[in-house]
Amino acid sequence: MTEVTKEQVLAELKRIAAPDGRGNIVSAGLVTDIVINEGQVMFALNVDPQHLKTMEQLQVFVQKAIAALPGVKKATVALTAERAPTREVGPKVSSTQTLKNGVPGVKHLIAVASGKGGVGKSTTAINLALALKSLGLRVGVLDADVYGPSMPKLFGLHGKPEASDATGKRMKPMQRFGVEVASIGFLVDEDTPMIWRGPMVMSALTQLLREVAWSEMDVMVIDMPPGTGDAQLTLAQQTPLSGAVIVSTPQDLALIDARKGINMFKKVNVPLLGIIENMSYFICDKCNKRHEIFGHGGAKAEAARLGVPFLGEVPLDLKLRERSDSGEPIVATEPDSPHTLNYQNMARQVWASLEGGALTKPAPNIVFEN
């Protein structure tokens with residue numbers, strides 16, 4: 001079947017009258033951000049916030065019209081409203097697709113976030129998830145970093161997800177090391193840029209959360225996009241997160257951005273499960289001396305200042321980086337390594353915060369050597 005083109009979609013949309021009767025929904029400027037990928041068509045309808053509820057019928061009609069086009073496997077239409085500035089902190093995106101009821105069968109949703117990119121958030125997220133799995137918990141991972149999905153590479157997973165039933169409306173999560181994984185990276189080519197605005201990002205995340213056939217699980221770890229923009233704030237507002245883990249490097253510049261992430265979660269009443277200091281120090285394999293390349297202890301001091309739990313330090317280590325790049329994360333492939341014990345200690349603290357002490361054991365004495 002030949003894939004539908006953007007021109008064909010626009011031609012069909014131009015046949016649909018605008019709500020005020022003046023022209024069509026395209027000429028009226030209601031259609032934004034058309035994205036087509038392997039027969040899946042996604043776009044947003046920009047509507048007056050005062051008429052958002054009444055526009056739901058138009059949304060359904062438009063979605064059915066596009067879904068009926070030859071070459072369309074699925075159509076997703078989000079409603080978004082431009083709002084005048086208010087006293088609320090941050091941008092707000094309105095959508096009929098909300099996640100306030102959570103994901104069926106998932107007990108806890110936790111976010112792993114950072115104030116900026118490049119601090120090792122995704123590597124931390126996958127190893128924390130695998131550490132939770134090693135404690136006997138049922139774990140899944142959602143790659144919510146739509147602009148830079150890392151989980152396919154970090155898990156060493158390739159290919160496209162399969163449909164979970166004959167209707168093709170839901171897909172099976174990918175799986176490795178006993179952990180279920182969903183990522184936009186499974187649906188688009190690695191080199192394809194994701195030029196999406198907030199409404200399209202939330203539409204994609206909603207599908208990954210609600211239209212994936214997740215198994216029942218104790219914890220779903222969400223690898224958040226870096227920063228505190230529209231997608232991060234909306235996900236934090238619309239998803240019933242049990243808590244968030246903040247990842248930062250020790251230097252002041254990273255900590256400034258980490259504070260923004262912490263404050264964002266506080267403003268939307270998401271509990272802070274703790275801060276992790278990544279790339280905390282480096283042990284030279286020749287001189288065996290410890291070098292604090294980015295400074296040291298900044299995240300621990302910040303955690304103490306803010307009254308947030310400090311979960312621990314992760315050193316800058318060649319083996320940890322090599323394992324991540326090769327899709328063989330260290331917690332899964334070297335279960336007795338100091339790194340694994342370190343992540344397991346963090347996982348115990350996270351689970352203790354979620355469940356009031358369950359699985360808590362005395363932390364092992366962790367020594368990193370070369």
# chains A, B, ... in the order shown; residues from 1 in each chain; ligands from 1
call {"tool": "closest_atom_pairs", "arguments": {"of": "segment 106-157 of chain A", "to": "segment 277-294 of chain A", "cutoff": "10 Å", "atoms": "only C-alpha atoms", "output": "tab-separated table"}}
result
residue	atom	partner	partner_atom	distance
A:Val119	CA	A:Asn278	CA	6.8
A:Gly120	CA	A:Asn278	CA	6.7
A:Lys121	CA	A:Asn278	CA	8.4
A:Thr123	CA	A:Asn278	CA	9.8
A:Thr124	CA	A:Asn278	CA	8.0
call {"tool": "write_last_selection", "arguments": {"atoms": "C-alpha atoms", "output": "CSV table (one decimal), in the first residue's frame"}}
result
chain,number,residue,atom,x,y,z
A,119,VAL,CA,24.4,14.8,32.1
A,120,GLY,CA,23.8,11.1,31.5
A,121,LYS,CA,20.1,11.1,32.3
A,123,THR,CA,22.1,6.0,31.1
A,124,THR,CA,21.0,6.6,34.6
call {"tool": "residues_around", "arguments": {"residues": "segment 138-152 of chain A", "least_positions_apart": "2", "cutoff": "9 Å", "atoms": "only C-alpha atoms", "output": "PyMOL selection string"}}
result
chain A and resi 106+122-123+125-126+129-130+132-133+136+154-158+175+178-186+190+193-196+201+204-205+208-209+214-226+327
call {"tool": "residues_around", "arguments": {"residues": "Pro19 of chain A", "least_positions_apart": "5", "cutoff": "9 Å", "atoms": "only C-alpha atoms", "output": "count of residues only"}}
result
4
call {"tool": "closest_residue", "arguments": {"among": "A:Ala67, A:Pro104, A:Asp252, A:Ile330", "to": "Asn342 of chain A", "atoms": "only C-alpha atoms"}}
result
A:Ile330
call {"tool": "residues_around", "arguments": {"residues": "Thr333 of chain A", "least_positions_apart": "3", "cutoff": "12 Å", "atoms": "only C-alpha atoms", "output": "list of chain:residue names"}}
result
A:Asn127, A:Leu130, A:Ala131, A:Ser134, A:Phe155, A:Arg176, A:Phe177, A:Lys319, A:Leu320, A:Glu322, A:Arg323, A:Ser324, A:Ser326, A:Gly327, A:Glu328, A:Pro329, A:Ile330, A:Asp336, A:Ser337, A:His339, A:Thr340
call {"tool": "closest_residue", "arguments": {"among": "A:Leu273, A:Ile110, A:Leu255, A:Leu233", "to": "His296 of chain A", "atoms": "only C-alpha atoms"}}
result
A:Leu255
call {"tool": "select_by_dssp", "arguments": {"residues": "segment 39-75 of chain A", "states": "helix (DSSP H, G or I)", "output": "PyMOL selection string"}}
result
chain A and resi 49-51+53-67
call {"tool": "select_by_dssp", "arguments": {"residues": "segment 98-220 of chain A", "states": "strand (DSSP E or B)", "output": "list of chain:residue names"}}
result
A:Val106, A:Lys107, A:His108, A:Leu109, A:Ile110, A:Ala111, A:Val112, A:Ala113, A:Val139, A:Gly140, A:Val141, A:Leu142, A:Asp143, A:Ala163, A:Met171, A:Met174, A:Gln175, A:Arg176, A:Val179, A:Glu180, A:Val181, A:Ala182, A:Ser183, A:Val212, A:Met217, A:Asp218, A:Val219, A:Met220
call {"tool": "write_last_selection", "arguments": {"atoms": "C-alpha atoms", "output": "compact mmCIF listing (two decimals), in the first residue's frame"}}
result
# COMPACT_ATOMS: atom_id res chain seq x y z
CA VAL A 106 1.09 0.10 36.39
CA LYS A 107 1.44 0.77 40.10
CA HIS A 108 4.02 3.57 40.06
CA LEU A 109 5.16 6.00 37.36
CA ILE A 110 8.48 7.67 38.15
CA ALA A 111 10.26 10.29 36.06
CA VAL A 112 14.02 10.46 35.62
CA ALA A 113 14.73 14.05 34.64
CA VAL A 139 9.58 -2.91 35.54
CA GLY A 140 8.95 -1.07 32.27
CA VAL A 141 10.67 1.89 30.62
CA LEU A 142 9.01 4.65 28.59
CA ASP A 143 11.36 6.73 26.46
CA ALA A 163 0.64 -5.25 16.84
CA MET A 171 1.30 -2.46 19.87
CA MET A 174 9.72 -4.33 22.99
CA GLN A 175 11.49 -6.33 25.67
CA ARG A 176 15.03 -7.12 26.80
CA VAL A 179 12.09 -5.10 31.01
CA GLU A 180 9.34 -3.83 28.69
CA VAL A 181 10.31 -0.79 26.59
CA ALA A 182 8.43 1.70 24.41
CA SER A 183 10.08 4.51 22.46
CA VAL A 212 0.97 0.02 24.16
CA MET A 217 4.13 -3.84 36.61
CA ASP A 218 5.34 -2.34 39.86
CA VAL A 219 7.28 0.57 38.35
CA MET A 220 7.42 2.31 34.99
call {"tool": "closest_residue", "arguments": {"among": "A:Leu318, A:Val247, A:Leu128, A:Ala347", "to": "Lys116 of chain A", "atoms": "only C-alpha atoms"}}
result
A:Val247
call {"tool": "residues_around", "arguments": {"residues": "Ala236 of chain A", "least_positions_apart": "6", "cutoff": "8 Å", "atoms": "only C-alpha atoms", "output": "PyMOL selection string"}}
result
chain A and resi 265+268+270
call {"tool": "closest_residue", "arguments": {"among": "A:Ser114, A:Leu137, A:Ala301, A:Met42", "to": "Ser248 of chain A", "atoms": "only C-alpha atoms"}}
result
A:Ser114
call {"tool": "atom_distance", "arguments": {"atom1": "atom CA of Gln344 of chain A", "atom2": "atom CA of Pro161 of chain A"}}
result
29.4 Å
call {"tool": "residues_around", "arguments": {"residues": "segment 68-74 of chain A", "least_positions_apart": "5", "cutoff": "9 Å", "atoms": "only C-alpha atoms", "output": "ChimeraX atom specification"}}
result
/A:1-5,8-9,12,38-42,63,168-169
call {"tool": "write_last_selection", "arguments": {"atoms": "N, CA and C atoms", "output": "short mmCIF file (atom, residue, chain, number, x, y, z; two decimals), in the first residue's frame"}}
result
data_model
loop_
_atom_site.label_atom_id
_atom_site.label_comp_id
_atom_site.auth_asym_id
_atom_site.auth_seq_id
_atom_site.Cartn_x
_atom_site.Cartn_y
_atom_site.Cartn_z
N MET A 1 0.86 -1.19 0.00
CA MET A 1 0.00 0.00 0.00
C MET A 1 0.89 1.25 0.00
N THR A 2 0.64 2.18 -0.92
CA THR A 2 1.40 3.41 -1.01
C THR A 2 1.04 4.34 0.13
N GLU A 3 2.07 4.93 0.77
CA GLU A 3 1.82 5.81 1.90
C GLU A 3 1.18 7.11 1.44
N VAL A 4 0.24 7.58 2.22
CA VAL A 4 -0.43 8.83 1.92
C VAL A 4 0.57 9.98 1.99
N THR A 5 0.34 11.02 1.21
CA THR A 5 1.24 12.18 1.21
C THR A 5 0.61 13.34 1.99
N GLN A 8 -2.10 15.04 -0.01
CA GLN A 8 -3.39 14.36 0.00
C GLN A 8 -4.15 14.65 1.30
N VAL A 9 -3.42 14.68 2.40
CA VAL A 9 -4.05 14.98 3.68
C VAL A 9 -4.61 16.41 3.66
N GLU A 12 -7.79 16.73 1.63
CA GLU A 12 -8.98 16.24 2.34
C GLU A 12 -9.41 17.22 3.42
N GLU A 38 5.14 6.15 8.05
CA GLU A 38 4.72 4.78 7.79
C GLU A 38 3.21 4.60 7.93
N GLY A 39 2.47 5.49 7.31
CA GLY A 39 1.02 5.38 7.30
C GLY A 39 0.32 5.96 8.51
N GLN A 40 1.07 6.45 9.50
CA GLN A 40 0.48 7.08 10.67
C GLN A 40 0.50 8.60 10.47
N VAL A 41 -0.67 9.21 10.51
CA VAL A 41 -0.81 10.64 10.29
C VAL A 41 -1.16 11.31 11.62
N MET A 42 -0.39 12.33 11.98
CA MET A 42 -0.63 13.04 13.23
C MET A 42 -0.58 14.54 12.98
N GLN A 63 -10.66 13.29 12.32
CA GLN A 63 -9.84 12.08 12.50
C GLN A 63 -10.38 10.93 11.65
N GLY A 168 -4.78 -3.99 15.24
CA GLY A 168 -3.61 -3.17 14.97
C GLY A 168 -3.62 -1.83 15.68
N LYS A 169 -4.57 -1.62 16.59
CA LYS A 169 -4.68 -0.34 17.27
C LYS A 169 -3.72 -0.21 18.46
#
call {"tool": "atom_distance", "arguments": {"atom1": "atom CA of Ala44 of chain A", "atom2": "atom CA of Gly102 of chain A"}}
result
22.9 Å
call {"tool": "atom_distance", "arguments": {"atom1": "atom CA of Arg321 of chain A", "atom2": "atom CA of Asn345 of chain A"}}
result
19.9 Å
